[in-house]
Each structure stands twice: as C-alpha cells, then as structure tokens.
file upload-v6.txt (compact mmCIF, C-alpha atoms)
# COMPACT_ATOMS: atom_id res chain seq x y z
CA GLU A 1 0.00 0.00 0.00
CA ASP A 2 2.81 2.43 0.88
CA THR A 3 4.59 1.65 -2.38
CA VAL A 4 1.48 2.37 -4.41
CA ALA A 5 0.48 5.45 -2.39
CA ASN A 6 3.98 6.99 -2.45
CA ARG A 7 4.83 5.73 -5.94
CA ALA A 8 8.06 4.43 -4.49
CA THR A 9 10.19 1.34 -4.68
CA CYS A 10 10.44 -0.92 -1.68
CA SER A 11 12.43 -4.02 -0.76
CA PHE A 12 11.66 -6.65 1.79
CA GLU A 13 12.55 -10.21 2.65
CA ALA A 14 9.95 -12.94 2.88
CA ASP A 15 10.11 -16.71 2.78
CA VAL A 16 8.20 -18.59 0.09
CA VAL A 17 7.00 -22.17 0.39
CA ARG A 18 7.47 -24.20 -2.78
CA ARG A 19 5.10 -26.87 -3.99
CA ASP A 20 7.37 -29.50 -2.46
CA ASP A 21 6.96 -27.73 0.95
CA THR A 22 10.55 -26.46 1.06
CA GLU A 23 11.11 -22.88 2.16
CA VAL A 24 13.11 -20.42 0.10
CA ALA A 25 14.33 -17.09 1.44
CA MET A 26 13.49 -14.37 -1.06
CA LEU A 27 14.38 -10.71 -1.45
CA TRP A 28 11.50 -8.87 -3.03
CA THR A 29 11.72 -5.51 -4.76
CA ALA A 30 8.42 -3.87 -5.67
CA ARG A 31 7.83 -0.76 -7.76
CA TRP A 32 4.60 0.94 -8.69
CA SER A 33 4.16 1.98 -12.29
CA GLU A 34 1.68 4.83 -12.57
CA MET A 35 1.66 4.52 -16.35
CA ASP A 36 0.71 0.81 -16.25
CA LYS A 37 -1.27 1.11 -13.01
CA SER A 38 0.58 -2.01 -11.92
CA LEU A 39 2.89 -3.14 -9.18
CA PHE A 40 5.98 -4.83 -10.59
CA CYS A 41 7.84 -7.24 -8.34
CA VAL A 42 11.19 -8.93 -8.72
CA ALA A 43 12.11 -11.79 -6.42
CA HIS A 44 15.64 -13.04 -5.80
CA ASP A 45 16.46 -16.31 -4.09
CA ILE A 46 18.72 -15.37 -1.15
CA SER A 47 18.71 -18.77 0.54
CA GLU A 48 22.49 -19.21 0.28
CA ARG A 49 23.13 -15.74 1.69
CA LYS A 50 20.71 -16.39 4.57
CA ARG A 51 22.36 -19.74 5.26
CA ALA A 52 25.80 -18.05 5.35
CA GLU A 53 24.46 -15.27 7.63
CA ASN A 54 22.98 -17.87 10.00
CA LEU A 55 26.26 -19.81 10.10
CA LEU A 56 28.14 -16.59 10.86
CA LYS A 57 25.68 -15.70 13.65
CA ALA A 58 26.03 -19.19 15.13
CA SER A 59 29.83 -18.96 14.99
CA GLU A 60 29.80 -15.53 16.65
CA GLU A 61 27.49 -16.77 19.39
CA ARG A 62 29.71 -19.81 19.96
CA ILE A 63 32.75 -17.52 20.39
CA ARG A 64 30.81 -15.20 22.75
CA SER A 65 29.75 -18.24 24.77
CA ILE A 66 33.33 -19.50 25.01
CA ILE A 67 34.55 -16.10 26.22
CA ARG A 68 31.69 -15.85 28.76
CA HIS A 69 32.62 -19.24 30.21
CA LEU A 70 36.41 -18.94 30.27
CA PRO A 71 37.89 -19.75 33.70
CA VAL A 72 40.21 -16.73 33.33
CA GLY A 73 39.32 -13.07 33.08
CA THR A 74 39.67 -11.33 29.73
CA ILE A 75 39.77 -7.60 29.08
CA SER A 76 40.15 -5.93 25.69
CA ILE A 77 41.64 -2.46 25.74
CA THR A 78 42.56 0.27 23.29
CA PRO A 79 46.22 1.14 22.64
CA ASN A 80 45.91 3.95 25.19
CA GLY A 81 44.58 1.62 27.90
CA ILE A 82 40.81 2.21 27.79
CA ILE A 83 38.66 -0.85 28.57
CA GLU A 84 36.53 -1.93 25.60
CA SER A 85 35.10 -5.21 26.88
CA VAL A 86 35.31 -7.65 29.77
CA ASN A 87 34.05 -11.14 30.35
CA PRO A 88 31.97 -12.22 33.40
CA LYS A 89 35.08 -13.57 35.18
CA ILE A 90 36.45 -9.99 35.34
CA GLU A 91 33.18 -8.82 36.90
CA GLU A 92 33.48 -11.62 39.46
CA LEU A 93 37.17 -10.99 40.26
CA PHE A 94 36.99 -7.21 40.59
CA ALA A 95 33.36 -6.80 41.78
CA TYR A 96 32.52 -4.25 39.09
CA SER A 97 29.76 -4.54 36.52
CA GLU A 98 30.63 -4.49 32.85
CA SER A 99 28.94 -1.10 32.47
CA GLU A 100 31.13 0.35 35.24
CA LEU A 101 34.28 -0.78 33.41
CA ILE A 102 33.63 -0.06 29.71
CA GLY A 103 35.30 3.24 28.82
CA SER A 104 37.38 3.32 32.01
CA PRO A 105 41.18 3.24 32.07
CA ILE A 106 42.76 -0.14 32.79
CA THR A 107 44.39 1.47 35.84
CA LYS A 108 40.96 1.21 37.50
CA LEU A 109 41.68 -2.53 37.84
CA LEU A 110 45.43 -2.97 37.59
CA SER A 111 48.49 -1.12 38.77
CA VAL A 112 49.81 1.57 36.42
CA ASP A 113 52.57 -0.69 35.09
CA ALA A 114 50.07 -3.30 33.88
CA PHE A 115 50.21 -2.03 30.34
CA LYS A 116 53.82 -2.45 29.26
CA LEU A 117 54.31 -3.28 25.60
CA GLU A 118 57.54 -5.13 26.38
CA ASP A 119 55.37 -7.62 28.28
CA LEU A 120 53.52 -8.66 25.10
CA GLY A 121 53.11 -12.42 25.10
CA ARG A 122 54.85 -12.89 28.46
CA LEU A 123 53.29 -14.15 31.67
CA THR A 124 53.67 -11.41 34.31
CA GLU A 125 52.41 -10.72 37.80
CA ARG A 126 50.64 -7.52 38.83
CA VAL A 127 48.37 -6.22 41.55
CA GLY A 128 44.64 -6.01 40.94
CA GLN A 129 42.29 -3.71 42.83
CA LYS A 130 38.68 -4.64 43.56
CA SER A 131 35.84 -2.12 43.61
CA ASN A 132 36.07 -2.01 47.43
CA GLY A 133 39.77 -1.02 47.26
CA ASN A 134 41.15 -4.41 48.33
CA THR A 135 44.15 -5.56 46.33
CA PHE A 136 45.10 -9.05 45.23
CA PRO A 137 47.87 -10.63 43.12
CA VAL A 138 47.09 -11.50 39.51
CA GLU A 139 48.97 -13.28 36.78
CA LEU A 140 48.38 -11.87 33.32
CA THR A 141 49.32 -12.09 29.68
CA LEU A 142 49.08 -9.14 27.28
CA THR A 143 48.38 -9.93 23.62
CA LYS A 144 47.99 -7.58 20.65
CA PHE A 145 45.34 -8.14 17.99
CA GLU A 146 43.92 -6.15 15.10
CA ASP A 147 40.53 -6.05 13.49
CA LEU A 148 39.31 -4.11 10.47
CA GLU A 149 39.09 -0.91 12.50
CA ALA A 150 42.12 -0.70 14.78
CA LYS A 151 44.69 -2.32 17.03
CA HIS A 152 43.55 -3.66 20.38
CA TYR A 153 45.11 -5.47 23.30
CA LEU A 154 43.78 -8.45 25.19
CA ILE A 155 44.66 -9.04 28.82
CA SER A 156 44.04 -12.54 30.14
CA LEU A 157 44.36 -12.79 33.91
CA GLN A 158 43.67 -14.88 36.94
CA ASP A 159 43.71 -14.34 40.68
CA ILE A 160 46.76 -16.04 42.24
CA THR A 161 45.92 -15.28 45.88
CA GLU A 162 45.56 -18.98 46.74
CA ARG A 163 48.93 -19.78 45.14
CA ARG A 164 50.59 -16.96 47.14
CA ASN A 165 48.99 -18.24 50.37
CA ILE A 166 50.28 -21.77 49.74
CA GLU A 167 53.78 -20.44 48.98
CA GLN A 168 53.70 -18.44 52.23
CA MET A 169 52.58 -21.49 54.22
CA LYS A 170 55.46 -23.49 52.73
CA GLN A 171 57.95 -20.75 53.67
CA ASP A 172 56.49 -20.52 57.19
CA PHE A 173 56.71 -24.30 57.57
CA VAL A 174 60.33 -24.38 56.35
CA ALA A 175 61.20 -21.55 58.76
CA MET A 176 59.45 -23.34 61.61
CA VAL A 177 61.21 -26.66 60.93
CA SER A 178 64.67 -25.05 60.57
call {"tool": "encode", "arguments": {"input": "upload-v6.txt", "output": "structure tokens"}}
result
Amino acid sequence: EDTVANRATCSFEADVVRRDDTEVAMLWTARWSEMDKSLFCVAHDISERKRAENLLKASEERIRSIIRHLPVGTISITPNGIIESVNPKIEELFAYSESELIGSPITKLLSVDAFKLEDLGRLTERVGQKSNGNTFPVELTLTKFEDLEAKHYLISLQDITERRNIEQMKQDFVAMVS
C-alpha cells in the first residue's frame, strides 16, 4: 500500500513455500508503475546468503559463549589503555559490573605498570584492585590483535591469591622446621 500510495520502490525479505513444501528465502523488490497502473515485483532467491548469515551468527554466538565461560578473566583495551570489553570472570574478580568498566582506564583494575608493551606475550604478575579497594595478586598475559578498525590489546588474567597463600605457608613451615 505504501509503495502504491507513495509511488516508491520498496524491498523486503519474505520466505516462500514451494510446492514441495521447502522454504526459500526471497528478497522482493516492488515498484509501482503509474503509467501501467501495476505493481511490478522482482524476487531473488537469497537462501544461500541467509544460510551463510545464519552460520556466521552461530559462529559468533559460539565464540561469545566460550569467552563468557572462560575460567580466566579477559579484558580488551585500546592502545591507550581504555577498557573496551570484559568477560563475566572480570566482573566476578573485581566486583565491578561491565557497564562500570567499559570506557574506564585499565588502571581502574590494575596497577599503572600493567600495560607495558615489552610484556607482550609474556606471563607477568601484577596487583589487581577490587571495587572495594582491596588488592590481590594477579597473573596476566598481554596480547595484541587487530581487526578491520584498529589495534587492540587483550589481557588474560587470573587471581593467584591462593597460590601466594600456599607459597607463604610453605615458607612458614620451612622456617618453623629449621
């Protein structure tokens, strides 16, 4: 109705059921011809494109699910240290919500020296700071990656408080026995 009333061209997607009951994804383009007083429609089979889009969506969701369920925290940051994304493990470790972290400097979570380019690809230890101000030891790896838009950095980290406590107990025991 809008196409006829506005004498415009419109496009839309709609599935069509064939005689054999199979569905075909179609892209329809309709144009009103005032001269012929007719609506002309062209339909294109876009089933392959839709199938590819659905596979891409499924792949993206699988990757998001993997990141959400990683047992280590992940943070993506800009080259100047601004947090772009975090996974739920980061929220759990630092007691901040994702919305409180996105757009903040990485120094909100990690000591100032956490973002050293010479540490790329190396396992390092730093101090993390929770939302309540408490600090805790973390082990992290900094990785660089690029997408179509820009360079980014990924920090993968885990809380090593328990490991530090065990090491201290071992040292205390050795000192006590000596």
call {"tool": "residues_near_point", "arguments": {"input": "upload-v6.txt", "point": "(41.3, -3.7, 20.5)", "cutoff": "10 Å", "atoms": "all atoms listed in the file", "output": "list in words"}}
result
Ile75, Ser76, Ile77, Thr78, Pro79, Gly81, Ile82, Ile83, Glu84, Ser85, Thr143, Lys144, Phe145, Glu146, Asp147, Glu149, Ala150, Lys151, His152, Tyr153 and Leu154 of chain A
call {"tool": "residues_around", "arguments": {"input": "upload-v6.txt", "residues": "range 62-69 of chain A", "least_positions_apart": "5", "cutoff": "9 Å", "atoms": "all atoms listed in the file", "output": "number ranges by chain"}}
result
A: 57, 74, 87-89
call {"tool": "atom_distance", "arguments": {"input": "upload-v6.txt", "atom1": "CA of Glu23 in chain A", "atom2": "CA of Ser47 in chain A"}}
result
8.8 Å
call {"tool": "atom_distance", "arguments": {"input": "upload-v6.txt", "atom1": "CA of Glu13 in chain A", "atom2": "CA of Glu1 in chain A"}}
result
16.4 Å
call {"tool": "closest_residue", "arguments": {"input": "upload-v6.txt", "among": "A:Ser97, A:Gln171, A:Gln158, A:Thr9", "to": "Phe136 in chain A", "atoms": "all atoms listed in the file"}}
result
A:Gln158
call {"tool": "closest_residue", "arguments": {"input": "upload-v6.txt", "among": "A:Asp2, A:Glu125, A:Glu139, A:Asp15", "to": "Lys50 in chain A", "atoms": "all atoms listed in the file"}}
result
A:Asp15
call {"tool": "closest_residue", "arguments": {"input": "upload-v6.txt", "among": "A:Ala30, A:Leu39, A:Leu109, A:Ala52", "to": "Ala95 in chain A", "atoms": "only C-alpha atoms"}}
result
A:Leu109
call {"tool": "closest_residue", "arguments": {"input": "upload-v6.txt", "among": "A:Ser33, A:Ile155, A:Leu101, A:Ala25", "to": "Glu48 in chain A", "atoms": "all atoms listed in the file"}}
result
A:Ala25
call {"tool": "closest_atom_pairs", "arguments": {"input": "upload-v6.txt", "of": "range 128-153 of chain A", "to": "range 160-170 of chain A", "cutoff": "12 Å", "atoms": "only C-alpha atoms", "output": "JSON lines"}}
result
{"residue": "A:Gly128", "atom": "CA", "partner": "A:Ile160", "partner_atom": "CA", "distance": 10.3}
{"residue": "A:Thr135", "atom": "CA", "partner": "A:Thr161", "partner_atom": "CA", "distance": 9.9}
{"residue": "A:Phe136", "atom": "CA", "partner": "A:Thr161", "partner_atom": "CA", "distance": 6.3}
{"residue": "A:Pro137", "atom": "CA", "partner": "A:Ile160", "partner_atom": "CA", "distance": 5.6}
{"residue": "A:Val138", "atom": "CA", "partner": "A:Ile160", "partner_atom": "CA", "distance": 5.3}
{"residue": "A:Glu139", "atom": "CA", "partner": "A:Ile160", "partner_atom": "CA", "distance": 6.5}
{"residue": "A:Leu140", "atom": "CA", "partner": "A:Ile160", "partner_atom": "CA", "distance": 10.0}
call {"tool": "atom_distance", "arguments": {"input": "upload-v6.txt", "atom1": "CA of Pro71 in chain A", "atom2": "CA of Phe94 in chain A"}}
result
14.3 Å
call {"tool": "decode", "arguments": {"input": "upload-v6.txt", "residues": "range 11-60 of chain A", "atoms": "N, CA and C atoms", "output": "short mmCIF file (atom, residue, chain, number, x, y, z; two decimals), in the first residue's frame"}}
result
data_model
loop_
_atom_site.label_atom_id
_atom_site.label_comp_id
_atom_site.auth_asym_id
_atom_site.auth_seq_id
_atom_site.Cartn_x
_atom_site.Cartn_y
_atom_site.Cartn_z
N SER A 11 11.81 -2.69 -0.81
CA SER A 11 12.43 -4.02 -0.76
C SER A 11 12.09 -4.65 0.57
N PHE A 12 11.92 -5.92 0.55
CA PHE A 12 11.66 -6.65 1.79
C PHE A 12 12.03 -8.11 1.59
N GLU A 13 12.23 -8.79 2.69
CA GLU A 13 12.55 -10.21 2.65
C GLU A 13 11.34 -10.99 3.14
N ALA A 14 11.05 -12.07 2.48
CA ALA A 14 9.95 -12.94 2.88
C ALA A 14 10.24 -14.35 2.37
N ASP A 15 9.93 -15.32 3.19
CA ASP A 15 10.11 -16.71 2.78
C ASP A 15 8.93 -17.15 1.92
N VAL A 16 9.21 -18.03 0.99
CA VAL A 16 8.20 -18.59 0.09
C VAL A 16 8.24 -20.10 0.27
N VAL A 17 7.07 -20.71 0.29
CA VAL A 17 7.00 -22.17 0.39
C VAL A 17 6.73 -22.70 -1.01
N ARG A 18 7.62 -23.59 -1.45
CA ARG A 18 7.47 -24.20 -2.78
C ARG A 18 6.41 -25.29 -2.74
N ARG A 19 6.07 -25.78 -3.90
CA ARG A 19 5.10 -26.87 -3.99
C ARG A 19 5.53 -28.11 -3.22
N ASP A 20 6.86 -28.32 -3.18
CA ASP A 20 7.37 -29.50 -2.46
C ASP A 20 7.53 -29.23 -0.96
N ASP A 21 6.95 -28.13 -0.46
CA ASP A 21 6.96 -27.73 0.95
C ASP A 21 8.33 -27.29 1.48
N THR A 22 9.28 -27.02 0.61
CA THR A 22 10.55 -26.46 1.06
C THR A 22 10.44 -24.95 1.08
N GLU A 23 11.12 -24.34 2.05
CA GLU A 23 11.11 -22.88 2.16
C GLU A 23 12.30 -22.29 1.43
N VAL A 24 12.06 -21.15 0.81
CA VAL A 24 13.11 -20.42 0.10
C VAL A 24 13.08 -18.99 0.60
N ALA A 25 14.24 -18.48 1.02
CA ALA A 25 14.33 -17.09 1.44
C ALA A 25 14.40 -16.22 0.19
N MET A 26 13.56 -15.22 0.13
CA MET A 26 13.49 -14.37 -1.06
C MET A 26 13.64 -12.91 -0.67
N LEU A 27 14.32 -12.16 -1.55
CA LEU A 27 14.38 -10.71 -1.45
C LEU A 27 13.47 -10.17 -2.53
N TRP A 28 12.49 -9.41 -2.11
CA TRP A 28 11.50 -8.87 -3.03
C TRP A 28 11.76 -7.38 -3.21
N THR A 29 11.67 -6.93 -4.45
CA THR A 29 11.72 -5.51 -4.76
C THR A 29 10.44 -5.20 -5.53
N ALA A 30 9.70 -4.22 -5.03
CA ALA A 30 8.42 -3.87 -5.67
C ALA A 30 8.45 -2.40 -6.08
N ARG A 31 7.87 -2.13 -7.25
CA ARG A 31 7.83 -0.76 -7.76
C ARG A 31 6.47 -0.53 -8.42
N TRP A 32 5.89 0.59 -8.10
CA TRP A 32 4.60 0.94 -8.69
C TRP A 32 4.82 1.69 -10.00
N SER A 33 4.11 1.29 -11.01
CA SER A 33 4.16 1.98 -12.29
C SER A 33 2.83 2.70 -12.47
N GLU A 34 2.89 4.03 -12.39
CA GLU A 34 1.68 4.83 -12.57
C GLU A 34 1.14 4.67 -14.00
N MET A 35 2.06 4.62 -14.95
CA MET A 35 1.66 4.52 -16.35
C MET A 35 0.87 3.23 -16.60
N ASP A 36 1.38 2.09 -16.03
CA ASP A 36 0.71 0.81 -16.25
C ASP A 36 -0.33 0.50 -15.17
N LYS A 37 -0.37 1.35 -14.15
CA LYS A 37 -1.27 1.11 -13.01
C LYS A 37 -1.07 -0.30 -12.47
N SER A 38 0.23 -0.65 -12.36
CA SER A 38 0.58 -2.01 -11.92
C SER A 38 1.75 -1.95 -10.95
N LEU A 39 1.78 -2.95 -10.12
CA LEU A 39 2.89 -3.14 -9.18
C LEU A 39 3.79 -4.22 -9.77
N PHE A 40 5.03 -3.86 -10.04
CA PHE A 40 5.98 -4.83 -10.59
C PHE A 40 6.87 -5.32 -9.46
N CYS A 41 7.02 -6.63 -9.39
CA CYS A 41 7.84 -7.24 -8.34
C CYS A 41 8.91 -8.11 -8.96
N VAL A 42 10.10 -8.05 -8.34
CA VAL A 42 11.19 -8.93 -8.72
C VAL A 42 11.59 -9.67 -7.46
N ALA A 43 11.73 -10.97 -7.57
CA ALA A 43 12.11 -11.79 -6.42
C ALA A 43 13.45 -12.47 -6.69
N HIS A 44 14.33 -12.40 -5.69
CA HIS A 44 15.64 -13.04 -5.80
C HIS A 44 15.76 -14.09 -4.70
N ASP A 45 16.22 -15.25 -5.06
CA ASP A 45 16.46 -16.31 -4.09
C ASP A 45 17.73 -15.95 -3.30
N ILE A 46 17.58 -15.72 -2.00
CA ILE A 46 18.72 -15.37 -1.15
C ILE A 46 18.98 -16.44 -0.09
N SER A 47 18.56 -17.66 -0.41
CA SER A 47 18.71 -18.77 0.54
C SER A 47 20.17 -19.00 0.94
N GLU A 48 21.07 -18.98 -0.04
CA GLU A 48 22.49 -19.21 0.28
C GLU A 48 23.03 -18.10 1.17
N ARG A 49 22.68 -16.86 0.86
CA ARG A 49 23.13 -15.74 1.69
C ARG A 49 22.59 -15.87 3.11
N LYS A 50 21.33 -16.21 3.25
CA LYS A 50 20.71 -16.39 4.57
C LYS A 50 21.38 -17.53 5.33
N ARG A 51 21.70 -18.60 4.62
CA ARG A 51 22.36 -19.74 5.26
C ARG A 51 23.74 -19.30 5.77
N ALA A 52 24.48 -18.54 4.95
CA ALA A 52 25.80 -18.05 5.35
C ALA A 52 25.68 -17.09 6.54
N GLU A 53 24.67 -16.20 6.51
CA GLU A 53 24.46 -15.27 7.63
C GLU A 53 24.15 -16.04 8.92
N ASN A 54 23.33 -17.08 8.82
CA ASN A 54 22.98 -17.87 10.00
C ASN A 54 24.19 -18.62 10.54
N LEU A 55 25.04 -19.14 9.65
CA LEU A 55 26.26 -19.81 10.10
C LEU A 55 27.19 -18.83 10.79
N LEU A 56 27.31 -17.62 10.25
CA LEU A 56 28.14 -16.59 10.86
C LEU A 56 27.61 -16.21 12.24
N LYS A 57 26.30 -16.02 12.35
CA LYS A 57 25.68 -15.70 13.65
C LYS A 57 25.94 -16.81 14.66
N ALA A 58 25.80 -18.05 14.23
CA ALA A 58 26.03 -19.19 15.13
C ALA A 58 27.49 -19.23 15.57
N SER A 59 28.40 -18.97 14.66
CA SER A 59 29.83 -18.96 14.99
C SER A 59 30.14 -17.84 15.98
N GLU A 60 29.58 -16.65 15.74
CA GLU A 60 29.80 -15.53 16.65
C GLU A 60 29.24 -15.83 18.03
#
